[in-house]
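K.L.:
File follows, my_file07.cif with mmCIF, C-alpha atoms:
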data_data
#
loop_
_atom_site.group_PDB
_atom_site.id
_atom_site.type_symbol
_atom_site.label_atom_id
_atom_site.label_comp_id
_atom_site.auth_asym_id
_atom_site.auth_seq_id
_atom_site.Cartn_x
_atom_site.Cartn_y
_atom_site.Cartn_z
ATOM 1 C CA SER A 1 -31.850 133.512 87.486
ATOM 2 C CA LYS A 2 -34.544 132.381 89.915
ATOM 3 C CA GLY A 3 -32.832 134.026 92.880
ATOM 4 C CA GLY A 4 -32.441 137.274 90.952
ATOM 5 C CA ALA A 5 -36.105 137.236 89.966
ATOM 6 C CA VAL A 6 -37.390 136.470 93.457
ATOM 7 C CA GLY A 7 -35.066 139.038 95.035
ATOM 8 C CA ARG A 8 -36.088 141.851 92.721
ATOM 9 C CA ILE A 9 -39.795 141.111 93.095
ATOM 10 C CA ALA A 10 -39.461 140.868 96.884
ATOM 11 C CA GLY A 11 -37.492 144.124 97.018
ATOM 12 C CA PHE A 12 -40.101 145.881 94.908
ATOM 13 C CA LEU A 13 -43.010 144.560 96.997
ATOM 14 C CA ALA A 14 -41.202 145.522 100.208
ATOM 15 C CA GLY A 15 -40.795 149.058 98.898
ATOM 16 C CA SER A 16 -37.004 148.996 98.882
ATOM 17 C CA SER A 17 -35.580 152.127 97.254
ATOM 18 C CA LYS A 18 -32.484 150.272 95.953
ATOM 19 C CA ARG A 19 -32.784 146.987 94.069
ATOM 20 C CA ILE A 20 -29.429 145.951 92.640
ATOM 21 C CA HIS A 21 -29.208 142.760 90.602
ATOM 22 C CA VAL A 22 -25.935 141.009 89.730
ATOM 23 C CA VAL A 23 -26.065 139.162 86.403
ATOM 24 C CA GLN A 24 -23.903 136.042 86.266
ATOM 25 C CA GLY A 25 -25.340 134.729 83.031
ATOM 26 C CA PHE A 26 -28.869 134.683 81.668
ATOM 27 C CA SER A 27 -31.358 131.814 81.632
ATOM 28 C CA PHE A 28 -31.278 131.947 77.826
ATOM 29 C CA HIS A 29 -28.260 131.550 75.570
ATOM 30 C CA GLU A 30 -27.265 130.860 71.963
ATOM 31 C CA PHE A 31 -28.327 127.208 72.222
ATOM 32 C CA SER A 32 -31.787 127.943 73.663
ATOM 33 C CA LYS A 33 -34.849 127.184 71.610
ATOM 34 C CA TRP A 34 -36.481 130.307 70.166
ATOM 35 C CA TYR A 35 -39.341 130.257 72.673
ATOM 36 C CA GLN A 36 -36.948 129.827 75.644
ATOM 37 C CA GLU A 37 -34.933 132.814 74.478
ATOM 38 C CA TYR A 38 -38.114 134.867 73.871
ATOM 39 C CA LEU A 39 -39.557 134.033 77.296
ATOM 40 C CA GLY A 40 -36.273 134.510 79.169
ATOM 41 C CA ARG A 41 -35.500 137.805 77.428
ATOM 42 C CA ASN A 42 -38.953 139.253 78.143
ATOM 43 C CA ILE A 43 -38.929 138.144 81.777
ATOM 44 C CA GLU A 44 -35.507 139.808 82.184
ATOM 45 C CA ARG A 45 -36.908 142.996 80.586
ATOM 46 C CA LEU A 46 -39.744 143.119 83.111
ATOM 47 C CA LEU A 47 -37.412 142.388 86.005
ATOM 48 C CA ALA A 48 -35.008 145.099 84.808
ATOM 49 C CA LEU A 49 -37.848 147.584 85.303
ATOM 50 C CA LEU A 50 -37.869 146.533 88.990
ATOM 51 C CA SER A 51 -34.104 147.025 89.287
ATOM 52 C CA THR A 52 -32.513 150.343 90.170
ATOM 53 C CA GLN A 53 -29.113 149.100 88.981
ATOM 54 C CA ILE A 54 -27.811 145.969 87.242
ATOM 55 C CA ILE A 55 -24.239 144.780 87.614
ATOM 56 C CA SER A 56 -22.646 142.353 85.172
ATOM 57 C CA VAL A 57 -19.545 140.347 86.118
ATOM 58 C CA ASN A 58 -18.359 140.321 82.487
ATOM 59 C CA GLU A 59 -18.663 142.391 79.325
ATOM 60 C CA ASP A 60 -20.452 139.612 77.379
ATOM 61 C CA ASP A 61 -23.486 139.669 79.685
ATOM 62 C CA ARG A 62 -23.562 143.474 79.611
ATOM 63 C CA ALA A 63 -23.448 143.435 75.798
ATOM 64 C CA THR A 64 -26.221 140.808 75.698
ATOM 65 C CA ALA A 65 -28.416 142.889 78.011
ATOM 66 C CA ILE A 66 -27.996 145.941 75.786
ATOM 67 C CA LYS A 67 -28.327 144.064 72.470
ATOM 68 C CA LYS A 68 -31.467 142.190 73.611
ATOM 69 C CA LYS A 69 -32.901 145.466 74.978
ATOM 70 C CA ILE A 70 -33.189 144.070 78.500
ATOM 71 C CA CYS A 71 -32.094 147.423 79.876
ATOM 72 C CA LYS A 72 -30.544 150.705 78.801
ATOM 73 C CA PRO A 73 -26.726 150.915 78.785
ATOM 74 C CA GLU A 74 -26.680 153.411 81.672
ATOM 75 C CA LYS A 75 -28.542 150.957 83.930
ATOM 76 C CA ILE A 76 -25.940 148.169 83.669
ATOM 77 C CA THR A 77 -22.348 148.373 84.886
ATOM 78 C CA THR A 78 -19.590 145.784 84.610
ATOM 79 C CA ILE A 79 -17.640 144.905 87.735
ATOM 80 C CA PHE A 80 -15.364 142.005 86.922
ATOM 81 C CA ASN A 81 -15.681 138.948 89.124
ATOM 82 C CA GLY A 82 -12.337 137.591 90.195
ATOM 83 C CA VAL A 83 -9.204 137.904 92.207
ATOM 84 C CA ARG A 84 -7.085 141.026 92.072
ATOM 85 C CA ILE A 85 -3.927 140.393 90.082
ATOM 86 C CA PRO A 86 -0.862 141.240 92.169
ATOM 87 C CA SER A 87 1.343 144.069 90.986
ATOM 88 C CA LYS A 88 4.857 143.303 89.771
ATOM 89 C CA ASP A 89 6.214 144.361 93.186
ATOM 90 C CA GLU A 90 3.902 141.872 94.960
ATOM 91 C CA LEU A 91 4.918 138.835 92.911
ATOM 92 C CA LEU A 92 6.618 136.081 94.874
ATOM 93 C CA SER A 93 10.021 134.797 93.838
ATOM 94 C CA ASP A 94 10.508 131.041 93.307
ATOM 95 C CA ASN A 95 12.215 130.869 96.708
ATOM 96 C CA GLU A 96 9.309 132.694 98.401
ATOM 97 C CA ILE A 97 6.842 130.301 96.746
ATOM 98 C CA ASP A 98 8.815 127.311 98.078
ATOM 99 C CA ILE A 99 8.815 128.825 101.583
ATOM 100 C CA PHE A 100 5.080 129.540 101.335
ATOM 101 C CA LEU A 101 4.288 125.959 100.234
ATOM 102 C CA ASN A 102 6.505 124.481 102.961
ATOM 103 C CA ARG A 103 4.779 126.628 105.582
ATOM 104 C CA GLU A 104 1.427 125.292 104.308
ATOM 105 C CA GLY A 105 2.645 121.694 104.619
ATOM 106 C CA LEU A 106 3.011 121.085 100.874
ATOM 107 C CA ASP A 107 5.918 119.772 98.852
ATOM 108 C CA PRO A 108 7.368 122.502 96.590
ATOM 109 C CA GLN A 109 8.794 119.780 94.310
ATOM 110 C CA LYS A 110 5.309 118.534 93.393
ATOM 111 C CA LYS A 111 2.822 120.230 91.080
ATOM 112 C CA VAL A 112 0.101 122.098 92.943
ATOM 113 C CA VAL A 113 -3.400 121.705 91.484
ATOM 114 C CA ILE A 114 -5.696 124.328 92.977
ATOM 115 C CA SER A 115 -9.441 124.850 93.108
ATOM 116 C CA VAL A 116 -10.881 128.037 94.589
ATOM 117 C CA GLY A 117 -14.632 128.238 95.005
ATOM 118 C CA ARG A 118 -17.670 127.471 97.071
ATOM 119 C CA LEU A 119 -18.123 123.756 97.725
ATOM 120 C CA MET A 120 -21.540 123.357 96.146
ATOM 121 C CA LYS A 121 -23.213 121.193 93.524
ATOM 122 C CA GLN A 122 -22.745 123.661 90.643
ATOM 123 C CA LYS A 123 -18.969 123.721 91.211
ATOM 124 C CA ALA A 124 -18.746 119.882 91.294
ATOM 125 C CA PRO A 125 -15.964 119.592 93.892
ATOM 126 C CA THR A 126 -16.538 115.843 94.242
ATOM 127 C CA ASP A 127 -15.827 115.408 90.519
ATOM 128 C CA LEU A 128 -12.477 117.138 91.003
ATOM 129 C CA ILE A 129 -11.621 114.843 93.920
ATOM 130 C CA LYS A 130 -12.571 111.772 91.857
ATOM 131 C CA ALA A 131 -10.449 112.977 88.931
ATOM 132 C CA PHE A 132 -7.512 113.687 91.231
ATOM 133 C CA HIS A 133 -7.791 110.132 92.543
ATOM 134 C CA TYR A 134 -6.558 108.917 89.141
ATOM 135 C CA MET A 135 -3.552 111.269 89.000
ATOM 136 C CA ASP A 136 0.005 110.330 89.913
ATOM 137 C CA HIS A 137 0.192 111.558 93.523
ATOM 138 C CA SER A 138 3.974 111.288 93.542
ATOM 139 C CA LYS A 139 3.998 114.283 91.195
ATOM 140 C CA ALA A 140 0.949 116.345 92.207
ATOM 141 C CA GLN A 141 -1.031 117.563 95.179
ATOM 142 C CA LEU A 142 -4.527 119.069 95.250
ATOM 143 C CA VAL A 143 -5.424 122.177 97.238
ATOM 144 C CA MET A 144 -9.098 123.105 97.608
ATOM 145 C CA ILE A 145 -9.902 126.552 98.976
ATOM 146 C CA GLY A 146 -13.480 127.329 99.940
ATOM 147 C CA GLU A 147 -16.359 126.371 102.165
ATOM 148 C CA GLY A 148 -19.884 125.246 101.476
ATOM 149 C CA PRO A 149 -22.598 122.647 101.872
ATOM 150 C CA LEU A 150 -20.559 119.833 100.270
ATOM 151 C CA LEU A 151 -17.617 120.089 102.670
ATOM 152 C CA ASN A 152 -18.531 116.936 104.616
ATOM 153 C CA LYS A 153 -19.278 115.021 101.417
ATOM 154 C CA CYS A 154 -15.869 116.023 100.008
ATOM 155 C CA GLN A 155 -14.084 114.942 103.197
ATOM 156 C CA LYS A 156 -15.943 111.621 103.237
ATOM 157 C CA LEU A 157 -15.044 110.992 99.584
ATOM 158 C CA MET A 158 -11.389 111.782 100.283
ATOM 159 C CA ASN A 159 -11.429 109.186 103.073
ATOM 160 C CA GLU A 160 -13.081 106.572 100.842
ATOM 161 C CA LEU A 161 -10.541 107.137 98.046
ATOM 162 C CA GLY A 162 -7.538 107.197 100.386
ATOM 163 C CA LEU A 163 -6.642 110.786 99.534
ATOM 164 C CA ASN A 164 -6.041 112.095 103.050
ATOM 165 C CA GLY A 165 -2.686 113.834 103.043
ATOM 166 C CA LYS A 166 -2.818 114.185 99.253
ATOM 167 C CA VAL A 167 -5.657 116.717 99.157
ATOM 168 C CA SER A 168 -5.570 119.816 101.346
ATOM 169 C CA MET A 169 -8.949 121.353 102.144
ATOM 170 C CA LEU A 170 -8.127 124.808 103.470
ATOM 171 C CA GLY A 171 -11.559 126.388 103.898
ATOM 172 C CA PHE A 172 -11.959 130.130 103.439
ATOM 173 C CA ARG A 173 -8.702 131.986 102.796
ATOM 174 C CA LYS A 174 -7.833 135.638 102.251
ATOM 175 C CA ASP A 175 -4.458 134.886 100.622
ATOM 176 C CA VAL A 176 -5.844 133.468 97.364
ATOM 177 C CA ALA A 177 -3.535 135.649 95.242
ATOM 178 C CA LYS A 178 -0.519 133.891 96.802
ATOM 179 C CA TRP A 179 -2.075 130.502 96.113
ATOM 180 C CA TYR A 180 -2.584 131.396 92.464
ATOM 181 C CA GLN A 181 1.097 132.299 92.235
ATOM 182 C CA ALA A 182 2.109 129.030 93.904
ATOM 183 C CA CYS A 183 -0.060 126.731 91.824
ATOM 184 C CA SER A 184 0.837 124.829 88.677
ATOM 185 C CA ILE A 185 -2.715 124.184 87.523
#
Show me the file's structure as C-alpha coordinates.
P.N.:
Amino acid sequence: SKGGAVGRIAGFLAGSSKRIHVVQGFSFHEFSKWYQEYLGRNIERLLALLSTQIISVNEDDRATAIKKKICKPEKITTIFNGVRIPSKDELLSDNEIDIFLNREGLDPQKKVVISVGRLMKQKAPTDLIKAFHYMDHSKAQLVMIGEGPLLNKCQKLMNELGLNGKVSMLGFRKDVAKWYQACSI
(Lines of atoms letter the chains of each structure in order from A and count residues from 1; the text may use other names and numbers.)
(Lines give C-alpha, C1' and ligand atoms only; values in the text may rest on other atoms or scores of the structure.)
Protein backbone atom coordinates (compact mmCIF):
# COMPACT_ATOMS: atom_id res chain seq x y z
CA SER A 1 0.00 0.00 0.00
CA LYS A 2 2.81 2.42 0.82
CA GLY A 3 4.61 1.74 -2.46
CA GLY A 4 1.40 2.25 -4.41
CA ALA A 5 0.73 5.54 -2.63
CA VAL A 6 4.24 6.89 -3.09
CA GLY A 7 4.36 5.80 -6.73
CA ARG A 8 1.07 7.43 -7.65
CA ILE A 9 1.93 10.68 -5.88
CA ALA A 10 5.39 10.74 -7.48
CA GLY A 11 3.93 10.03 -10.92
CA PHE A 12 1.39 12.81 -10.50
CA LEU A 13 3.99 15.32 -9.29
CA ALA A 14 6.32 14.35 -12.15
CA GLY A 15 3.52 15.02 -14.63
CA SER A 16 3.34 11.46 -15.93
CA SER A 17 0.39 11.01 -18.29
CA LYS A 18 -0.08 7.33 -17.30
CA ARG A 19 -0.24 6.26 -13.66
CA ILE A 20 -1.21 2.61 -13.37
CA HIS A 21 -1.58 1.07 -9.93
CA VAL A 22 -1.73 -2.69 -9.28
CA VAL A 23 -3.83 -3.60 -6.24
CA GLN A 24 -2.65 -6.69 -4.39
CA GLY A 25 -4.85 -6.19 -1.36
CA PHE A 26 -5.86 -3.08 0.54
CA SER A 27 -4.46 -1.74 3.81
CA PHE A 28 -7.90 -2.23 5.35
CA HIS A 29 -9.88 -5.46 5.60
CA GLU A 30 -12.82 -7.05 7.40
CA PHE A 31 -10.88 -7.28 10.67
CA SER A 32 -9.75 -3.63 10.67
CA LYS A 33 -11.07 -1.28 13.30
CA TRP A 34 -13.70 1.13 11.95
CA TYR A 35 -11.30 4.08 11.91
CA GLN A 36 -8.58 2.06 10.09
CA GLU A 37 -11.08 1.06 7.43
CA TYR A 38 -12.40 4.66 7.15
CA LEU A 39 -8.90 6.13 6.84
CA GLY A 40 -7.62 3.46 4.44
CA ARG A 41 -10.71 3.65 2.22
CA ASN A 42 -10.55 7.45 1.95
CA ILE A 43 -6.82 7.49 1.25
CA GLU A 44 -7.39 4.92 -1.52
CA ARG A 45 -10.19 7.12 -2.94
CA LEU A 46 -7.86 10.11 -3.14
CA LEU A 47 -5.07 8.03 -4.65
CA ALA A 48 -7.50 6.57 -7.21
CA LEU A 49 -8.04 10.13 -8.46
CA LEU A 50 -4.29 10.23 -9.22
CA SER A 51 -4.44 6.93 -11.10
CA THR A 52 -5.25 6.68 -14.79
CA GLN A 53 -5.91 2.95 -14.46
CA ILE A 54 -6.10 0.45 -11.58
CA ILE A 55 -5.41 -3.24 -12.05
CA SER A 56 -6.56 -5.84 -9.54
CA VAL A 57 -4.96 -9.31 -9.42
CA ASN A 58 -8.24 -10.86 -8.22
CA GLU A 59 -11.98 -10.25 -8.41
CA ASP A 60 -12.35 -9.77 -4.63
CA ASP A 61 -10.17 -6.64 -4.61
CA ARG A 62 -11.96 -5.28 -7.68
CA ALA A 63 -15.34 -5.86 -6.00
CA THR A 64 -14.09 -4.18 -2.80
CA ALA A 65 -12.87 -1.15 -4.75
CA ILE A 66 -16.26 -0.77 -6.43
CA LYS A 67 -18.33 -1.50 -3.30
CA LYS A 68 -16.30 0.93 -1.14
CA LYS A 69 -16.51 3.54 -3.92
CA ILE A 70 -12.73 3.76 -4.23
CA CYS A 71 -13.09 4.05 -7.99
CA LYS A 72 -15.62 3.60 -10.76
CA PRO A 73 -15.92 0.11 -12.30
CA GLU A 74 -14.50 1.26 -15.64
CA LYS A 75 -11.28 2.44 -13.96
CA ILE A 76 -10.37 -0.97 -12.48
CA THR A 77 -9.57 -4.11 -14.47
CA THR A 78 -8.78 -7.59 -13.21
CA ILE A 79 -5.70 -9.33 -14.57
CA PHE A 80 -5.22 -12.54 -12.64
CA ASN A 81 -1.85 -13.02 -10.98
CA GLY A 82 -0.45 -16.47 -11.54
CA VAL A 83 1.03 -19.04 -13.81
CA ARG A 84 -0.62 -19.97 -17.08
CA ILE A 85 -2.26 -23.37 -16.81
CA PRO A 86 -0.95 -25.69 -19.52
CA SER A 87 -3.40 -26.92 -22.12
CA LYS A 88 -4.32 -30.61 -22.21
CA ASP A 89 -1.83 -31.10 -25.07
CA GLU A 90 1.00 -29.58 -22.98
CA LEU A 91 0.51 -31.81 -19.94
CA LEU A 92 3.42 -34.09 -19.16
CA SER A 93 2.91 -37.83 -18.86
CA ASP A 94 4.12 -39.63 -15.71
CA ASN A 95 7.13 -40.87 -17.69
CA GLU A 96 7.96 -37.33 -18.89
CA ILE A 97 7.70 -36.05 -15.31
CA ASP A 98 10.15 -38.74 -14.15
CA ILE A 99 12.57 -37.80 -16.94
CA PHE A 100 12.22 -34.11 -16.08
CA LEU A 101 12.91 -34.72 -12.37
CA ASN A 102 15.90 -36.97 -13.15
CA ARG A 103 17.33 -34.31 -15.46
CA GLU A 104 16.98 -31.79 -12.60
CA GLY A 105 18.84 -34.12 -10.21
CA LEU A 106 15.77 -35.12 -8.19
CA ASP A 107 14.42 -38.52 -7.25
CA PRO A 108 11.09 -39.21 -9.02
CA GLN A 109 10.23 -41.75 -6.28
CA LYS A 110 10.16 -39.04 -3.60
CA LYS A 111 7.46 -36.42 -3.08
CA VAL A 112 8.41 -33.02 -4.47
CA VAL A 113 7.47 -30.07 -2.25
CA ILE A 114 7.72 -26.85 -4.24
CA SER A 115 7.79 -23.16 -3.39
CA VAL A 116 7.73 -20.56 -6.15
CA GLY A 117 8.20 -16.94 -5.15
CA ARG A 118 10.54 -14.12 -4.35
CA LEU A 119 12.84 -14.89 -1.42
CA MET A 120 11.79 -12.03 0.83
CA LYS A 121 10.53 -11.52 4.37
CA GLN A 122 6.83 -11.47 3.44
CA LYS A 123 7.11 -14.90 1.79
CA ALA A 124 8.92 -16.40 4.83
CA PRO A 125 11.22 -18.78 2.92
CA THR A 126 13.27 -19.48 6.06
CA ASP A 127 10.12 -20.74 7.81
CA LEU A 128 9.59 -23.22 4.97
CA ILE A 129 13.18 -24.45 5.26
CA LYS A 130 12.80 -24.86 9.04
CA ALA A 131 9.54 -26.78 8.58
CA PHE A 132 11.11 -29.00 5.93
CA HIS A 133 13.91 -29.79 8.37
CA TYR A 134 11.37 -31.77 10.44
CA MET A 135 10.02 -33.78 7.49
CA ASP A 136 11.08 -37.31 6.58
CA HIS A 137 13.72 -36.63 3.91
CA SER A 138 13.66 -40.24 2.77
CA LYS A 139 10.21 -39.53 1.33
CA ALA A 140 10.33 -35.86 0.28
CA GLN A 141 12.52 -33.24 -1.32
CA LEU A 142 12.08 -29.46 -1.34
CA VAL A 143 12.47 -27.32 -4.46
CA MET A 144 12.57 -23.54 -4.07
CA ILE A 145 12.25 -21.45 -7.22
CA GLY A 146 12.94 -17.73 -7.00
CA GLU A 147 15.50 -15.10 -6.17
CA GLY A 148 15.58 -12.28 -3.67
CA PRO A 149 17.26 -10.59 -0.74
CA LEU A 150 17.01 -13.65 1.55
CA LEU A 151 18.88 -16.01 -0.77
CA ASN A 152 22.09 -16.00 1.29
CA LYS A 153 20.16 -16.34 4.54
CA CYS A 154 18.27 -19.35 3.12
CA GLN A 155 21.51 -21.00 1.96
CA LYS A 156 23.15 -20.39 5.34
CA LEU A 157 20.15 -21.88 7.15
CA MET A 158 20.22 -24.94 4.88
CA ASN A 159 23.88 -25.45 5.80
CA GLU A 160 23.18 -25.07 9.53
CA LEU A 161 20.30 -27.58 9.39
CA GLY A 162 22.20 -30.08 7.23
CA LEU A 163 19.76 -29.79 4.33
CA ASN A 164 22.26 -29.48 1.49
CA GLY A 165 21.29 -32.02 -1.14
CA LYS A 166 17.77 -32.23 0.29
CA VAL A 167 16.68 -28.73 -0.73
CA SER A 168 17.21 -27.49 -4.28
CA MET A 169 17.39 -23.72 -4.68
CA LEU A 170 16.95 -23.15 -8.41
CA GLY A 171 16.79 -19.36 -8.67
CA PHE A 172 14.70 -17.77 -11.40
CA ARG A 173 13.11 -20.25 -13.81
CA LYS A 174 10.92 -19.88 -16.88
CA ASP A 175 9.64 -23.48 -16.75
CA VAL A 176 7.46 -23.07 -13.65
CA ALA A 177 4.46 -24.73 -15.33
CA LYS A 178 6.50 -27.95 -15.65
CA TRP A 179 7.51 -27.74 -12.00
CA TYR A 180 3.88 -27.40 -10.94
CA GLN A 181 3.08 -30.55 -12.90
CA ALA A 182 6.00 -32.41 -11.31
CA CYS A 183 5.31 -31.42 -7.73
CA SER A 184 3.33 -33.29 -5.09
CA ILE A 185 2.78 -30.34 -2.78
K.L.:
I'd like the interatomic distance between CA of Leu50 (chain A) and CA of Thr78 (chain A), to a tenth of an Å.
P.N.:
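These two atoms are separated by 18.8 Å.
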K.L.:
Taking the file as I've supplied it (selection: the PyMOL selection byres ((chain A and resi 62) around 12)), which residues are included? Please answer as number ranges by chain.
P.N.:
A: 22-26, 54-61, 63-80
K.L.:
Generate a file of the selected residues that holds C-alpha atoms, formatted as a PDB file, keeping the file's coordinate frame.
P.N.:
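As a result, part-v2.pdb now contains:
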ATOM      1  CA  VAL A  22     -25.935 141.009  89.730  1.00  0.00           C
ATOM      2  CA  VAL A  23     -26.065 139.162  86.403  1.00  0.00           C
ATOM      3  CA  GLN A  24     -23.903 136.042  86.266  1.00  0.00           C
ATOM      4  CA  GLY A  25     -25.340 134.729  83.031  1.00  0.00           C
ATOM      5  CA  PHE A  26     -28.869 134.683  81.668  1.00  0.00           C
ATOM      6  CA  ILE A  54     -27.811 145.969  87.242  1.00  0.00           C
ATOM      7  CA  ILE A  55     -24.239 144.780  87.614  1.00  0.00           C
ATOM      8  CA  SER A  56     -22.646 142.353  85.172  1.00  0.00           C
ATOM      9  CA  VAL A  57     -19.545 140.347  86.118  1.00  0.00           C
ATOM     10  CA  ASN A  58     -18.359 140.321  82.487  1.00  0.00           C
ATOM     11  CA  GLU A  59     -18.663 142.391  79.325  1.00  0.00           C
ATOM     12  CA  ASP A  60     -20.452 139.612  77.379  1.00  0.00           C
ATOM     13  CA  ASP A  61     -23.486 139.669  79.685  1.00  0.00           C
ATOM     14  CA  ALA A  63     -23.448 143.435  75.798  1.00  0.00           C
ATOM     15  CA  THR A  64     -26.221 140.808  75.698  1.00  0.00           C
ATOM     16  CA  ALA A  65     -28.416 142.889  78.011  1.00  0.00           C
ATOM     17  CA  ILE A  66     -27.996 145.941  75.786  1.00  0.00           C
ATOM     18  CA  LYS A  67     -28.327 144.064  72.470  1.00  0.00           C
ATOM     19  CA  LYS A  68     -31.467 142.190  73.611  1.00  0.00           C
ATOM     20  CA  LYS A  69     -32.901 145.466  74.978  1.00  0.00           C
ATOM     21  CA  ILE A  70     -33.189 144.070  78.500  1.00  0.00           C
ATOM     22  CA  CYS A  71     -32.094 147.423  79.876  1.00  0.00           C
ATOM     23  CA  LYS A  72     -30.544 150.705  78.801  1.00  0.00           C
ATOM     24  CA  PRO A  73     -26.726 150.915  78.785  1.00  0.00           C
ATOM     25  CA  GLU A  74     -26.680 153.411  81.672  1.00  0.00           C
ATOM     26  CA  LYS A  75     -28.542 150.957  83.930  1.00  0.00           C
ATOM     27  CA  ILE A  76     -25.940 148.169  83.669  1.00  0.00           C
ATOM     28  CA  THR A  77     -22.348 148.373  84.886  1.00  0.00           C
ATOM     29  CA  THR A  78     -19.590 145.784  84.610  1.00  0.00           C
ATOM     30  CA  ILE A  79     -17.640 144.905  87.735  1.00  0.00           C
ATOM     31  CA  PHE A  80     -15.364 142.005  86.922  1.00  0.00           C
TER      32      PHE A  80
END
K.L.:
If you apply the PyMOL selection byres ((chain A and resi 51) around 8) to this file, what residues do you get, as a list of chain:residue names?
P.N.:
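This file, filtered by the PyMOL selection byres ((chain A and resi 51) around 8), leaves A:Arg8, A:Lys18, A:Arg19, A:Ile20, A:His21, A:Leu47, A:Ala48, A:Leu49, A:Leu50, A:Thr52, A:Gln53, A:Ile54.
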K.L.:
Atoms to include: C-alpha atoms. Write the selected residues as an mmCIF file, in the coordinates of the input.
P.N.:
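Ended up saving to again38.cif:
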data_model
loop_
_atom_site.group_PDB
_atom_site.id
_atom_site.type_symbol
_atom_site.label_atom_id
_atom_site.label_comp_id
_atom_site.auth_asym_id
_atom_site.auth_seq_id
_atom_site.Cartn_x
_atom_site.Cartn_y
_atom_site.Cartn_z
ATOM 1 C CA ARG A 8 -36.088 141.851 92.721
ATOM 2 C CA LYS A 18 -32.484 150.272 95.953
ATOM 3 C CA ARG A 19 -32.784 146.987 94.069
ATOM 4 C CA ILE A 20 -29.429 145.951 92.640
ATOM 5 C CA HIS A 21 -29.208 142.760 90.602
ATOM 6 C CA LEU A 47 -37.412 142.388 86.005
ATOM 7 C CA ALA A 48 -35.008 145.099 84.808
ATOM 8 C CA LEU A 49 -37.848 147.584 85.303
ATOM 9 C CA LEU A 50 -37.869 146.533 88.990
ATOM 10 C CA THR A 52 -32.513 150.343 90.170
ATOM 11 C CA GLN A 53 -29.113 149.100 88.981
ATOM 12 C CA ILE A 54 -27.811 145.969 87.242
#
K.L.:
Taking into account only C-alpha atoms, which residue in the set A:Glu44, A:Glu90, A:Glu30, A:Asp127 is nearest to Val6 (chain A)?
P.N.:
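With only C-alpha atoms as the atom set, the closest residue is A:Glu44.
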K.L.:
Once the PyMOL selection byres ((chain A and resi 153-156) around 9) is applied to the coordinates I shared, what remains selected? I want it as a PyMOL selection string.
P.N.:
chain A and resi 119+125-126+129+149-152+157-161+164+169
K.L.:
Write to file, as a PDB file, in the coordinates of the input, the residues of the selection just made, with C-alpha atoms.
P.N.:
ATOM      1  CA  LEU A 119     -18.123 123.756  97.725  1.00  0.00           C
ATOM      2  CA  PRO A 125     -15.964 119.592  93.892  1.00  0.00           C
ATOM      3  CA  THR A 126     -16.538 115.843  94.242  1.00  0.00           C
ATOM      4  CA  ILE A 129     -11.621 114.843  93.920  1.00  0.00           C
ATOM      5  CA  PRO A 149     -22.598 122.647 101.872  1.00  0.00           C
ATOM      6  CA  LEU A 150     -20.559 119.833 100.270  1.00  0.00           C
ATOM      7  CA  LEU A 151     -17.617 120.089 102.670  1.00  0.00           C
ATOM      8  CA  ASN A 152     -18.531 116.936 104.616  1.00  0.00           C
ATOM      9  CA  LEU A 157     -15.044 110.992  99.584  1.00  0.00           C
ATOM     10  CA  MET A 158     -11.389 111.782 100.283  1.00  0.00           C
ATOM     11  CA  ASN A 159     -11.429 109.186 103.073  1.00  0.00           C
ATOM     12  CA  GLU A 160     -13.081 106.572 100.842  1.00  0.00           C
ATOM     13  CA  LEU A 161     -10.541 107.137  98.046  1.00  0.00           C
ATOM     14  CA  ASN A 164      -6.041 112.095 103.050  1.00  0.00           C
ATOM     15  CA  MET A 169      -8.949 121.353 102.144  1.00  0.00           C
TER      16      MET A 169
END
K.L.:
Go ahead and compute the interatomic distance for CA of Ser115 (chain A) and CA of Gly146 (chain A), in Å to one decimal.
P.N.:
8.3 Å
K.L.:
Expressed in Å to a single decimal, how great is the separation between CA of Leu170 (chain A) and CA of Cys183 (chain A)?
P.N.:
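Taking CA of Leu170 (chain A) and CA of Cys183 (chain A), their separation equals 14.3 Å.
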K.L.:
Can you tell me, as a ChimeraX atom specification, what residues are no more than 12 Å from His137 (chain A) when counting all atoms listed in the file, ignoring any on the same chain fewer than 6 positions away?
P.N.:
/A:107,109-113,131,162-167
K.L.:
Which residue is closest to Ser1 (chain A)? Choose from A:Gly82, A:Ser16, A:Arg41, A:Ser32 and count all atoms listed in the file.
P.N.:
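That would be A:Arg41, the residue with the smallest distance to Ser1 (chain A).
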K.L.:
Considering all atoms listed in the file, return as a list in words whatever protein or nucleic-acid residues lie within 10 Å of Pro108 (chain A), sequence-local ones (same chain, fewer than 2 positions apart) excluded.
P.N.:
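Near Pro108 (chain A), the qualifying residues are Asp94, Asn95, Ile97, Asp98, Ile99, Phe100, Leu101, Asn102, Gly105, Leu106, Lys110, Lys111, Val112, Ala140, Gln141, Ala182 and Cys183 of chain A.
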K.L.:
Go through A:Lys139, A:Arg45, A:Leu92, A:Trp179 one by one, measure the shortest atom-to-atom distance of each to Ile114 (chain A) using only C-alpha atoms, and give the residue with the smallest value.
P.N.:
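Among the listed residues, A:Trp179 lies closest to Ile114 (chain A).
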K.L.:
Which one of A:Phe12, A:Tyr134, A:Phe172, A:Tyr180 sits closest to Gly148 (chain A) if you count all atoms listed in the file?
P.N.:
A:Phe172
